[in-house]
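Colleague: For reference, the file final-v9.json (JSON, C-alpha atoms) is included below:
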[["chain", "number", "residue", "atom", "x", "y", "z"],
["G", 1, "MET", "CA", -91.30, -314.92, -127.71],
["G", 2, "SER", "CA", -87.83, -315.95, -128.85],
["G", 3, "ASP", "CA", -84.60, -315.45, -126.93],
["G", 4, "GLN", "CA", -84.08, -312.01, -128.40],
["G", 5, "PRO", "CA", -85.30, -309.38, -125.94],
["G", 6, "ILE", "CA", -87.39, -306.30, -126.57],
["G", 7, "LYS", "CA", -85.53, -303.06, -125.88],
["G", 8, "LEU", "CA", -87.70, -300.66, -123.91],
["G", 9, "LEU", "CA", -87.02, -296.91, -123.71],
["G", 10, "TYR", "CA", -88.82, -294.56, -121.33],
["G", 11, "PHE", "CA", -88.98, -290.77, -121.61],
["G", 12, "ALA", "CA", -90.05, -287.74, -119.52],
["G", 13, "TRP", "CA", -92.43, -288.54, -116.64],
["G", 14, "VAL", "CA", -92.81, -292.17, -117.73],
["G", 15, "ARG", "CA", -89.07, -292.58, -117.07],
["G", 16, "ASP", "CA", -89.29, -290.65, -113.78],
["G", 17, "ARG", "CA", -92.13, -292.84, -112.51],
["G", 18, "ILE", "CA", -90.60, -296.16, -113.58],
["G", 19, "GLY", "CA", -87.16, -295.05, -112.39],
["G", 20, "LEU", "CA", -85.36, -296.38, -115.48],
["G", 21, "ALA", "CA", -84.41, -294.87, -118.86],
["G", 22, "GLU", "CA", -84.18, -298.22, -120.62],
["G", 23, "GLU", "CA", -84.21, -301.96, -120.11],
["G", 24, "SER", "CA", -84.34, -305.21, -122.05],
["G", 25, "VAL", "CA", -87.30, -307.49, -121.38],
["G", 26, "ALA", "CA", -88.50, -310.90, -122.54],
["G", 27, "PRO", "CA", -92.29, -310.93, -122.11],
["G", 28, "PRO", "CA", -94.22, -314.23, -122.00],
["G", 29, "ASP", "CA", -95.38, -315.85, -125.25],
["G", 30, "GLY", "CA", -98.87, -314.40, -125.15],
["G", 31, "VAL", "CA", -97.58, -310.84, -125.50],
["G", 32, "THR", "CA", -97.77, -310.04, -129.21],
["G", 33, "ASP", "CA", -98.99, -306.46, -129.52],
["G", 34, "VAL", "CA", -98.64, -303.03, -127.90],
["G", 35, "ALA", "CA", -101.77, -303.43, -125.75],
["G", 36, "GLY", "CA", -100.52, -306.80, -124.47],
["G", 37, "LEU", "CA", -97.08, -305.41, -123.72],
["G", 38, "MET", "CA", -98.55, -302.49, -121.72],
["G", 39, "THR", "CA", -100.80, -304.88, -119.76],
["G", 40, "TRP", "CA", -97.84, -307.12, -118.94],
["G", 41, "LEU", "CA", -95.59, -304.18, -118.00],
["G", 42, "ARG", "CA", -98.17, -302.93, -115.49],
["G", 43, "THR", "CA", -97.92, -306.25, -113.65],
["G", 44, "ARG", "CA", -94.19, -305.72, -113.04],
["G", 45, "GLY", "CA", -94.65, -303.56, -109.96],
["G", 46, "PRO", "CA", -96.18, -300.42, -108.48],
["G", 47, "ARG", "CA", -93.80, -298.09, -110.34],
["G", 48, "TYR", "CA", -94.90, -299.52, -113.68],
["G", 49, "GLU", "CA", -98.52, -299.42, -112.58],
["G", 50, "ALA", "CA", -98.16, -295.74, -111.66],
["G", 51, "ALA", "CA", -96.40, -294.83, -114.93],
["G", 52, "LEU", "CA", -98.70, -296.75, -117.25],
["G", 53, "LYS", "CA", -102.08, -296.73, -115.50],
["G", 54, "ASN", "CA", -103.58, -294.23, -117.92],
["G", 55, "GLU", "CA", -103.42, -296.11, -121.19],
["G", 56, "ARG", "CA", -105.07, -293.32, -123.14],
["G", 57, "VAL", "CA", -102.36, -290.83, -122.20],
["G", 58, "VAL", "CA", -99.17, -292.83, -122.70],
["G", 59, "ARG", "CA", -97.81, -292.97, -126.26],
["G", 60, "VAL", "CA", -95.83, -295.85, -127.78],
["G", 61, "ALA", "CA", -93.37, -295.96, -130.67],
["G", 62, "ILE", "CA", -92.05, -299.17, -132.24],
["G", 63, "ASN", "CA", -88.66, -298.82, -133.95],
["G", 64, "GLN", "CA", -89.04, -295.02, -133.81],
["G", 65, "ARG", "CA", -92.50, -294.91, -135.42],
["G", 66, "PHE", "CA", -95.72, -294.09, -133.55],
["G", 67, "ALA", "CA", -97.68, -297.26, -132.84],
["G", 68, "GLN", "CA", -101.29, -298.15, -131.99],
["G", 69, "PRO", "CA", -102.47, -300.62, -129.30],
["G", 70, "GLU", "CA", -103.16, -303.32, -131.90],
["G", 71, "ASP", "CA", -99.74, -303.06, -133.59],
["G", 72, "ALA", "CA", -97.51, -306.14, -133.36],
["G", 73, "VAL", "CA", -94.46, -306.20, -131.09],
["G", 74, "ALA", "CA", -91.71, -308.67, -131.99],
["G", 75, "PRO", "CA", -88.44, -309.78, -130.38],
["G", 76, "GLY", "CA", -85.63, -307.38, -131.23],
["G", 77, "ASP", "CA", -87.95, -304.37, -131.50],
["G", 78, "GLU", "CA", -87.12, -301.04, -129.89],
["G", 79, "VAL", "CA", -90.27, -299.96, -128.06],
["G", 80, "ALA", "CA", -90.43, -296.46, -126.57],
["G", 81, "VAL", "CA", -93.06, -295.40, -124.03],
["G", 82, "PHE", "CA", -93.61, -291.70, -123.36],
["G", 83, "PRO", "CA", -96.14, -288.93, -122.58],
["G", 84, "PRO", "CA", -97.77, -286.81, -125.30],
["G", 85, "VAL", "CA", -95.06, -284.66, -126.87],
["G", 86, "THR", "CA", -94.60, -281.02, -125.85],
["G", 87, "GLY", "CA", -91.87, -279.59, -128.08],
["G", 88, "GLY", "CA", -91.84, -276.51, -130.27],
["C", 1, "MET", "CA", -84.37, -279.61, -146.79],
["C", 2, "ALA", "CA", -82.50, -279.72, -143.53],
["C", 3, "VAL", "CA", -83.14, -280.79, -139.96],
["C", 4, "LYS", "CA", -80.87, -280.00, -137.03],
["C", 5, "VAL", "CA", -81.37, -281.17, -133.46],
["C", 6, "GLN", "CA", -78.79, -279.52, -131.26],
["C", 7, "ALA", "CA", -78.00, -278.21, -127.78],
["C", 8, "GLU", "CA", -76.32, -275.05, -129.12],
["C", 9, "ASP", "CA", -78.04, -271.79, -129.96],
["C", 10, "PHE", "CA", -78.46, -270.75, -133.61],
["C", 11, "ASP", "CA", -78.08, -267.48, -135.54],
["C", 12, "VAL", "CA", -81.39, -266.81, -137.29],
["C", 13, "GLY", "CA", -79.94, -264.39, -139.85],
["C", 14, "ALA", "CA", -77.06, -266.67, -140.76],
["C", 15, "GLU", "CA", -79.36, -269.67, -141.09],
["C", 16, "ILE", "CA", -81.78, -267.84, -143.40],
["C", 17, "ASN", "CA", -78.92, -266.41, -145.46],
["C", 18, "GLY", "CA", -77.50, -269.90, -145.83],
["C", 19, "LEU", "CA", -80.87, -271.20, -147.00],
["C", 20, "THR", "CA", -81.53, -268.53, -149.64],
["C", 21, "ARG", "CA", -77.97, -268.13, -150.93],
["C", 22, "ASP", "CA", -77.64, -269.36, -154.53],
["C", 23, "ARG", "CA", -81.38, -269.98, -154.81],
["C", 24, "PRO", "CA", -82.63, -266.99, -156.85],
["C", 25, "SER", "CA", -85.98, -268.73, -157.53],
["C", 26, "ILE", "CA", -86.99, -267.91, -153.94],
["C", 27, "GLY", "CA", -89.30, -264.92, -153.73],
["C", 28, "GLY", "CA", -90.48, -265.22, -150.14],
["C", 29, "VAL", "CA", -89.22, -266.65, -146.86],
["C", 30, "ALA", "CA", -91.43, -267.26, -143.80],
["C", 31, "SER", "CA", -89.85, -268.10, -140.47],
["C", 32, "PHE", "CA", -91.01, -268.88, -136.95],
["C", 33, "ILE", "CA", -88.83, -268.66, -133.85],
["C", 34, "GLY", "CA", -90.01, -270.19, -130.59],
["C", 35, "LEU", "CA", -88.60, -268.79, -127.32],
["C", 36, "VAL", "CA", -88.66, -269.86, -123.67],
["C", 37, "ARG", "CA", -91.24, -267.74, -121.80],
["C", 38, "ASP", "CA", -90.69, -266.51, -118.24],
["C", 39, "MET", "CA", -94.25, -267.32, -117.13],
["C", 40, "ALA", "CA", -96.48, -270.39, -117.38],
["C", 41, "GLY", "CA", -99.87, -270.80, -115.74],
["C", 42, "GLY", "CA", -99.27, -267.68, -113.65],
["C", 43, "GLU", "CA", -95.97, -268.99, -112.29],
["C", 44, "MET", "CA", -92.47, -267.70, -112.88],
["C", 45, "ILE", "CA", -90.24, -270.01, -114.91],
["C", 46, "ARG", "CA", -86.61, -270.06, -113.84],
["C", 47, "SER", "CA", -85.42, -272.46, -116.54],
["C", 48, "MET", "CA", -86.55, -275.24, -118.82],
["C", 49, "THR", "CA", -85.13, -278.63, -119.74],
["C", 50, "LEU", "CA", -85.96, -280.07, -123.12],
["C", 51, "GLU", "CA", -85.61, -283.80, -123.57],
["C", 52, "HIS", "CA", -85.96, -285.72, -126.83],
["C", 53, "TYR", "CA", -85.75, -289.20, -128.33],
["C", 54, "PRO", "CA", -82.52, -289.22, -130.36],
["C", 55, "GLY", "CA", -83.08, -290.98, -133.64],
["C", 56, "MET", "CA", -86.87, -290.76, -133.69],
["C", 57, "THR", "CA", -86.71, -286.96, -133.38],
["C", 58, "GLU", "CA", -84.59, -286.53, -136.51],
["C", 59, "ARG", "CA", -86.72, -289.08, -138.37],
["C", 60, "MET", "CA", -90.02, -287.40, -137.45],
["C", 61, "LEU", "CA", -88.74, -283.92, -138.31],
["C", 62, "ALA", "CA", -87.50, -285.17, -141.71],
["C", 63, "ASP", "CA", -90.93, -286.77, -142.31],
["C", 64, "ILE", "CA", -92.73, -283.55, -141.37],
["C", 65, "GLU", "CA", -90.49, -281.56, -143.68],
["C", 66, "ALA", "CA", -90.96, -284.00, -146.57],
["C", 67, "GLU", "CA", -94.73, -283.75, -146.11],
["C", 68, "ALA", "CA", -94.54, -279.93, -146.35],
["C", 69, "HIS", "CA", -92.61, -280.27, -149.61],
["C", 70, "ARG", "CA", -95.31, -282.61, -150.97],
["C", 71, "ARG", "CA", -98.04, -280.11, -150.12],
["C", 72, "TRP", "CA", -96.43, -276.82, -151.19],
["C", 73, "PRO", "CA", -94.00, -275.78, -153.94],
["C", 74, "LEU", "CA", -91.09, -275.04, -151.59],
["C", 75, "ASP", "CA", -87.60, -274.16, -152.82],
["C", 76, "ALA", "CA", -86.02, -274.68, -149.41],
["C", 77, "SER", "CA", -86.85, -275.38, -145.78],
["C", 78, "LEU", "CA", -85.13, -275.73, -142.44],
["C", 79, "ILE", "CA", -86.03, -276.98, -138.98],
["C", 80, "ILE", "CA", -83.71, -276.42, -136.00],
["C", 81, "HIS", "CA", -84.82, -277.61, -132.56],
["C", 82, "ARG", "CA", -82.73, -277.35, -129.43],
["C", 83, "TYR", "CA", -82.61, -279.66, -126.43],
["C", 84, "GLY", "CA", -81.05, -279.41, -122.98],
["C", 85, "HIS", "CA", -81.18, -276.71, -120.34],
["C", 86, "LEU", "CA", -82.59, -273.33, -121.47],
["C", 87, "GLN", "CA", -83.35, -269.99, -119.82],
["C", 88, "PRO", "CA", -86.25, -267.58, -120.42],
["C", 89, "GLY", "CA", -85.59, -265.66, -123.62],
["C", 90, "ASP", "CA", -83.54, -268.47, -125.15],
["C", 91, "ARG", "CA", -84.43, -269.67, -128.63],
["C", 92, "ILE", "CA", -85.97, -273.18, -128.74],
["C", 93, "VAL", "CA", -86.96, -273.72, -132.34],
["C", 94, "LEU", "CA", -86.55, -272.22, -135.80],
["C", 95, "VAL", "CA", -88.70, -273.19, -138.75],
["C", 96, "VAL", "CA", -88.08, -271.63, -142.18],
["C", 97, "ALA", "CA", -90.00, -272.18, -145.42],
["C", 98, "ALA", "CA", -88.99, -270.55, -148.71],
["C", 99, "SER", "CA", -90.92, -270.46, -151.94],
["C", 100, "ALA", "CA", -91.42, -268.41, -155.10],
["C", 101, "HIS", "CA", -94.45, -266.72, -153.54],
["C", 102, "ARG", "CA", -95.45, -265.78, -150.02],
["C", 103, "GLN", "CA", -98.58, -267.88, -149.52],
["C", 104, "ALA", "CA", -96.82, -271.24, -149.82],
["C", 105, "ALA", "CA", -94.07, -269.99, -147.49],
["C", 106, "PHE", "CA", -96.55, -268.75, -144.84],
["C", 107, "ASP", "CA", -98.72, -271.87, -145.00],
["C", 108, "ALA", "CA", -95.82, -274.33, -144.99],
["C", 109, "CYS", "CA", -94.18, -272.56, -142.05],
["C", 110, "GLN", "CA", -97.38, -272.78, -140.00],
["C", 111, "PHE", "CA", -97.92, -276.40, -141.02],
["C", 112, "LEU", "CA", -94.38, -277.35, -140.00],
["C", 113, "MET", "CA", -94.81, -275.81, -136.53],
["C", 114, "ASP", "CA", -98.27, -277.29, -135.96],
["C", 115, "TRP", "CA", -97.11, -280.78, -136.94],
["C", 116, "LEU", "CA", -93.83, -280.52, -135.08],
["C", 117, "LYS", "CA", -95.65, -279.67, -131.86],
["C", 118, "THR", "CA", -97.78, -282.82, -132.00],
["C", 119, "GLN", "CA", -95.45, -285.30, -133.79],
["C", 120, "ALA", "CA", -91.84, -284.65, -132.81],
["C", 121, "PRO", "CA", -90.76, -286.49, -129.62],
["C", 122, "PHE", "CA", -89.71, -283.58, -127.42],
["C", 123, "TRP", "CA", -90.75, -283.04, -123.81],
["C", 124, "LYS", "CA", -90.45, -279.83, -121.80],
["C", 125, "LYS", "CA", -89.84, -279.69, -118.07],
["C", 126, "GLU", "CA", -90.36, -276.27, -116.47],
["C", 127, "GLU", "CA", -88.40, -275.31, -113.38],
["C", 128, "THR", "CA", -90.07, -272.71, -111.14],
["C", 129, "PRO", "CA", -88.28, -271.24, -108.09],
["C", 130, "THR", "CA", -89.82, -274.00, -105.92],
["C", 131, "ASP", "CA", -90.68, -276.87, -108.21],
["C", 132, "ALA", "CA", -90.08, -278.71, -111.47],
["C", 133, "ARG", "CA", -92.83, -280.25, -113.56],
["C", 134, "TRP", "CA", -93.35, -281.77, -116.98],
["C", 135, "VAL", "CA", -95.39, -279.59, -119.29],
["C", 136, "GLU", "CA", -98.74, -281.13, -120.24],
["C", 137, "ALA", "CA", -99.75, -281.46, -123.86],
["C", 138, "ARG", "CA", -102.41, -278.98, -124.95],
["C", 139, "ALA", "CA", -105.63, -279.91, -126.73],
["C", 140, "SER", "CA", -105.30, -276.67, -128.69],
["C", 141, "ASP", "CA", -102.05, -278.00, -130.24],
["C", 142, "ASP", "CA", -103.87, -281.13, -131.42],
["C", 143, "ALA", "CA", -106.64, -278.98, -132.86],
["C", 144, "ALA", "CA", -104.06, -276.82, -134.66],
["C", 145, "ALA", "CA", -102.47, -279.91, -136.22],
["C", 146, "ASP", "CA", -105.84, -281.46, -137.07],
["C", 147, "ARG", "CA", -106.83, -278.65, -139.36],
["C", 148, "TRP", "CA", -104.04, -279.71, -141.76],
["C", 149, "ARG", "CA", -105.40, -283.25, -142.00],
["C", 150, "LYS", "CA", -106.69, -284.17, -145.44],
["C", 151, "SER", "CA", -110.20, -285.58, -145.26]]
Using the file provided, produce a representation of the structure as structure tokens.

Modeller:
Amino acid sequence: MSDQPIKLLYFAWVRDRIGLAEESVAPPDGVTDVAGLMTWLRTRGPRYEAALKNERVVRVAINQRFAQPEDAVAPGDEVAVFPPVTGG
Amino acid sequence: MAVKVQAEDFDVGAEINGLTRDRPSIGGVASFIGLVRDMAGGEMIRSMTLEHYPGMTERMLADIEAEAHRRWPLDASLIIHRYGHLQPGDRIVLVVAASAHRQAAFDACQFLMDWLKTQAPFWKKEETPTDARWVEARASDDAAADRWRKS
């Protein structure tokens, strides 16, 4: 990845478990999609592991659009990680 | 078309009047108002905190509304969703759909709520007298949204 970081946003219990609302990260070169980013994030410590262990539950948005595991993640993207929505 | 995401309460009558004023082609208005309940899963709810993703919320609600206008001949529509700290009885959401005839208004109103519940990035945290917990998404909400999917 280039020098430009990825901006990560966490919401609801994902934020509670990680203990952060947002951060900027520069993942290694091999991280190119949502699935890769989630795998790498889980290696960053027990809090990340606890927040992201259930891949089927956690939702991801790239630049404020819902994303799938195979969708590309690029430097400069805003990537949000959150539980299934419960509004209304 | 209008989307409002706000902490403040809203006046249902004033909002509907504002929507129908100067639009004499409207023959029917359907609205839905969601409120904070005082019970959940057999437990008393003292209060609720609604969190959202500023930016994506407005974008998703505008998308949902545009989709309703593609599917039904609507003359006007409105979505208001609150965030922040709410008490039982407080209004959470207002969805209004207006059309020449009632069926489009009813259907669009239901569609807007079903899609909003599964697509708009809001999260509810319920506070009981002893505890606070994030509300879990319901499979029945997904099923309700799925029935609007075009095959």

Colleague: May I ask which of the residues G:Val57, G:Val79, G:Ala50, G:Ala67 is the closest one to Pro5 of chain G, counting all atoms listed in the file?

Modeller: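 Answer, going by the shortest atom-to-atom distance: G:Val79.
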
Colleague: Compile the residues of chain C that lie within 12 Å of chain G, evaluated using only C-alpha atoms, and express the compilation as a PDB file with C-alpha atoms, keeping the file's coordinate frame.

Modeller:
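The result, stored in selection-v4.pdb:
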ATOM      1  CA  VAL C   5     -81.370-281.170-133.460  1.00  0.00           C
ATOM      2  CA  PHE C  32     -91.010-268.880-136.950  1.00  0.00           C
ATOM      3  CA  ILE C  33     -88.830-268.660-133.850  1.00  0.00           C
ATOM      4  CA  GLY C  34     -90.010-270.190-130.590  1.00  0.00           C
ATOM      5  CA  LEU C  35     -88.600-268.790-127.320  1.00  0.00           C
ATOM      6  CA  VAL C  36     -88.660-269.860-123.670  1.00  0.00           C
ATOM      7  CA  MET C  48     -86.550-275.240-118.820  1.00  0.00           C
ATOM      8  CA  THR C  49     -85.130-278.630-119.740  1.00  0.00           C
ATOM      9  CA  LEU C  50     -85.960-280.070-123.120  1.00  0.00           C
ATOM     10  CA  GLU C  51     -85.610-283.800-123.570  1.00  0.00           C
ATOM     11  CA  HIS C  52     -85.960-285.720-126.830  1.00  0.00           C
ATOM     12  CA  TYR C  53     -85.750-289.200-128.330  1.00  0.00           C
ATOM     13  CA  PRO C  54     -82.520-289.220-130.360  1.00  0.00           C
ATOM     14  CA  GLY C  55     -83.080-290.980-133.640  1.00  0.00           C
ATOM     15  CA  MET C  56     -86.870-290.760-133.690  1.00  0.00           C
ATOM     16  CA  THR C  57     -86.710-286.960-133.380  1.00  0.00           C
ATOM     17  CA  GLU C  58     -84.590-286.530-136.510  1.00  0.00           C
ATOM     18  CA  ARG C  59     -86.720-289.080-138.370  1.00  0.00           C
ATOM     19  CA  MET C  60     -90.020-287.400-137.450  1.00  0.00           C
ATOM     20  CA  LEU C  61     -88.740-283.920-138.310  1.00  0.00           C
ATOM     21  CA  ASP C  63     -90.930-286.770-142.310  1.00  0.00           C
ATOM     22  CA  ILE C  79     -86.030-276.980-138.980  1.00  0.00           C
ATOM     23  CA  ILE C  80     -83.710-276.420-136.000  1.00  0.00           C
ATOM     24  CA  HIS C  81     -84.820-277.610-132.560  1.00  0.00           C
ATOM     25  CA  ARG C  82     -82.730-277.350-129.430  1.00  0.00           C
ATOM     26  CA  TYR C  83     -82.610-279.660-126.430  1.00  0.00           C
ATOM     27  CA  GLY C  84     -81.050-279.410-122.980  1.00  0.00           C
ATOM     28  CA  ARG C  91     -84.430-269.670-128.630  1.00  0.00           C
ATOM     29  CA  ILE C  92     -85.970-273.180-128.740  1.00  0.00           C
ATOM     30  CA  VAL C  93     -86.960-273.720-132.340  1.00  0.00           C
ATOM     31  CA  LEU C  94     -86.550-272.220-135.800  1.00  0.00           C
ATOM     32  CA  VAL C  95     -88.700-273.190-138.750  1.00  0.00           C
ATOM     33  CA  GLN C 110     -97.380-272.780-140.000  1.00  0.00           C
ATOM     34  CA  LEU C 112     -94.380-277.350-140.000  1.00  0.00           C
ATOM     35  CA  MET C 113     -94.810-275.810-136.530  1.00  0.00           C
ATOM     36  CA  ASP C 114     -98.270-277.290-135.960  1.00  0.00           C
ATOM     37  CA  TRP C 115     -97.110-280.780-136.940  1.00  0.00           C
ATOM     38  CA  LEU C 116     -93.830-280.520-135.080  1.00  0.00           C
ATOM     39  CA  LYS C 117     -95.650-279.670-131.860  1.00  0.00           C
ATOM     40  CA  THR C 118     -97.780-282.820-132.000  1.00  0.00           C
ATOM     41  CA  GLN C 119     -95.450-285.300-133.790  1.00  0.00           C
ATOM     42  CA  ALA C 120     -91.840-284.650-132.810  1.00  0.00           C
ATOM     43  CA  PRO C 121     -90.760-286.490-129.620  1.00  0.00           C
ATOM     44  CA  PHE C 122     -89.710-283.580-127.420  1.00  0.00           C
ATOM     45  CA  TRP C 123     -90.750-283.040-123.810  1.00  0.00           C
ATOM     46  CA  LYS C 124     -90.450-279.830-121.800  1.00  0.00           C
ATOM     47  CA  LYS C 125     -89.840-279.690-118.070  1.00  0.00           C
ATOM     48  CA  GLU C 126     -90.360-276.270-116.470  1.00  0.00           C
ATOM     49  CA  ALA C 132     -90.080-278.710-111.470  1.00  0.00           C
ATOM     50  CA  ARG C 133     -92.830-280.250-113.560  1.00  0.00           C
ATOM     51  CA  TRP C 134     -93.350-281.770-116.980  1.00  0.00           C
ATOM     52  CA  VAL C 135     -95.390-279.590-119.290  1.00  0.00           C
ATOM     53  CA  GLU C 136     -98.740-281.130-120.240  1.00  0.00           C
ATOM     54  CA  ALA C 137     -99.750-281.460-123.860  1.00  0.00           C
ATOM     55  CA  ARG C 138    -102.410-278.980-124.950  1.00  0.00           C
ATOM     56  CA  ALA C 139    -105.630-279.910-126.730  1.00  0.00           C
ATOM     57  CA  SER C 140    -105.300-276.670-128.690  1.00  0.00           C
ATOM     58  CA  ASP C 141    -102.050-278.000-130.240  1.00  0.00           C
ATOM     59  CA  ASP C 142    -103.870-281.130-131.420  1.00  0.00           C
TER      60      ASP C 142
END

Colleague: Please indicate the distance in Å from atom CA of Glu55 of chain G to atom CA of Thr39 of chain G, rounded to one decimal place.

Modeller: 9.3 Å

Colleague: Please report the interatomic distance between atom CA of Val12 of chain C and atom CA of Arg70 of chain C in Å with one decimal.

Modeller: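 Taking atom CA of Val12 of chain C and atom CA of Arg70 of chain C, their separation equals 25.1 Å.
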
Colleague: For atom CA of Gly28 of chain C and atom CA of Glu65 of chain C, quote the distance in Å rounded to one decimal.

Modeller: 17.6 Å

Colleague: Could you give me, as a PyMOL selection string, the residues within 8 Å of Ala68 of chain C, counting all atoms listed in the file and dropping anything in the same chain fewer than 4 positions from it?

Modeller: chain C and resi 64+72+74+108+111-112

Colleague: I'd like to know which of G:Val73, G:Asn54, G:Glu78, G:Tyr48 is closest to Arg17 of chain G, using all atoms listed in the file.

Modeller: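 With all atoms listed in the file as the atom set, the closest residue is G:Tyr48.
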
Colleague: So which residues touch Gln4 of chain G within 12 Å, counting all atoms listed in the file, skipping near sequence neighbours fewer than 3 positions away, as a list in words?

Modeller: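 My reading of the contact set: Met1, Lys7, Ser24, Val25, Ala26, Pro27, Ala74, Pro75, Gly76, Asp77 and Glu78 of chain G.
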
Colleague: Can you write segment 9-62 of chain C from the block above with C-alpha atoms, as a PDB file, in the first residue's frame?

Modeller:
ATOM      1  CA  ASP C   9     -38.196  15.808  18.241  1.00  0.00           C
ATOM      2  CA  PHE C  10     -40.527  16.539  15.316  1.00  0.00           C
ATOM      3  CA  ASP C  11     -44.158  17.663  14.987  1.00  0.00           C
ATOM      4  CA  VAL C  12     -45.962  15.049  12.878  1.00  0.00           C
ATOM      5  CA  GLY C  13     -48.864  17.330  11.916  1.00  0.00           C
ATOM      6  CA  ALA C  14     -46.620  20.213  10.937  1.00  0.00           C
ATOM      7  CA  GLU C  15     -44.367  17.934   8.894  1.00  0.00           C
ATOM      8  CA  ILE C  16     -47.278  16.415   6.964  1.00  0.00           C
ATOM      9  CA  ASN C  17     -48.864  19.828   6.411  1.00  0.00           C
ATOM     10  CA  GLY C  18     -45.553  21.092   5.071  1.00  0.00           C
ATOM     11  CA  LEU C  19     -45.343  18.147   2.686  1.00  0.00           C
ATOM     12  CA  THR C  20     -48.858  18.446   1.235  1.00  0.00           C
ATOM     13  CA  ARG C  21     -49.094  22.241   1.127  1.00  0.00           C
ATOM     14  CA  ASP C  22     -49.212  23.546  -2.460  1.00  0.00           C
ATOM     15  CA  ARG C  23     -49.362  20.020  -3.882  1.00  0.00           C
ATOM     16  CA  PRO C  24     -53.053  19.596  -4.825  1.00  0.00           C
ATOM     17  CA  SER C  25     -52.261  16.500  -6.942  1.00  0.00           C
ATOM     18  CA  ILE C  26     -51.880  14.528  -3.693  1.00  0.00           C
ATOM     19  CA  GLY C  27     -54.940  12.435  -2.908  1.00  0.00           C
ATOM     20  CA  GLY C  28     -53.562  10.241  -0.142  1.00  0.00           C
ATOM     21  CA  VAL C  29     -50.862  10.394   2.524  1.00  0.00           C
ATOM     22  CA  ALA C  30     -49.567   7.360   4.440  1.00  0.00           C
ATOM     23  CA  SER C  31     -47.326   7.840   7.451  1.00  0.00           C
ATOM     24  CA  PHE C  32     -45.533   5.657   9.976  1.00  0.00           C
ATOM     25  CA  ILE C  33     -44.263   6.843  13.348  1.00  0.00           C
ATOM     26  CA  GLY C  34     -41.881   4.664  15.338  1.00  0.00           C
ATOM     27  CA  LEU C  35     -41.748   5.128  19.137  1.00  0.00           C
ATOM     28  CA  VAL C  36     -39.464   3.939  21.936  1.00  0.00           C
ATOM     29  CA  ARG C  37     -41.166   1.052  23.784  1.00  0.00           C
ATOM     30  CA  ASP C  38     -40.914   0.612  27.550  1.00  0.00           C
ATOM     31  CA  MET C  39     -40.368  -3.164  27.333  1.00  0.00           C
ATOM     32  CA  ALA C  40     -38.010  -5.394  25.347  1.00  0.00           C
ATOM     33  CA  GLY C  41     -37.610  -9.133  25.796  1.00  0.00           C
ATOM     34  CA  GLY C  42     -39.619  -8.994  29.028  1.00  0.00           C
ATOM     35  CA  GLU C  43     -37.373  -6.317  30.536  1.00  0.00           C
ATOM     36  CA  MET C  44     -38.191  -2.732  31.391  1.00  0.00           C
ATOM     37  CA  ILE C  45     -36.437  -0.141  29.237  1.00  0.00           C
ATOM     38  CA  ARG C  46     -35.400   3.005  31.070  1.00  0.00           C
ATOM     39  CA  SER C  47     -33.965   4.788  28.031  1.00  0.00           C
ATOM     40  CA  MET C  48     -32.430   4.226  24.640  1.00  0.00           C
ATOM     41  CA  THR C  49     -29.410   5.647  22.849  1.00  0.00           C
ATOM     42  CA  LEU C  50     -29.448   5.766  19.077  1.00  0.00           C
ATOM     43  CA  GLU C  51     -26.128   6.016  17.301  1.00  0.00           C
ATOM     44  CA  HIS C  52     -25.599   6.524  13.581  1.00  0.00           C
ATOM     45  CA  TYR C  53     -22.907   6.970  10.935  1.00  0.00           C
ATOM     46  CA  PRO C  54     -23.081  10.649   9.935  1.00  0.00           C
ATOM     47  CA  GLY C  55     -22.739  10.971   6.196  1.00  0.00           C
ATOM     48  CA  MET C  56     -23.595   7.385   5.302  1.00  0.00           C
ATOM     49  CA  THR C  57     -26.940   7.666   7.109  1.00  0.00           C
ATOM     50  CA  GLU C  58     -28.114  10.624   5.027  1.00  0.00           C
ATOM     51  CA  ARG C  59     -26.795   8.991   1.853  1.00  0.00           C
ATOM     52  CA  MET C  60     -28.557   5.671   2.510  1.00  0.00           C
ATOM     53  CA  LEU C  61     -31.844   7.349   3.427  1.00  0.00           C
ATOM     54  CA  ALA C  62     -31.714   9.459   0.239  1.00  0.00           C
TER      55      ALA C  62
END
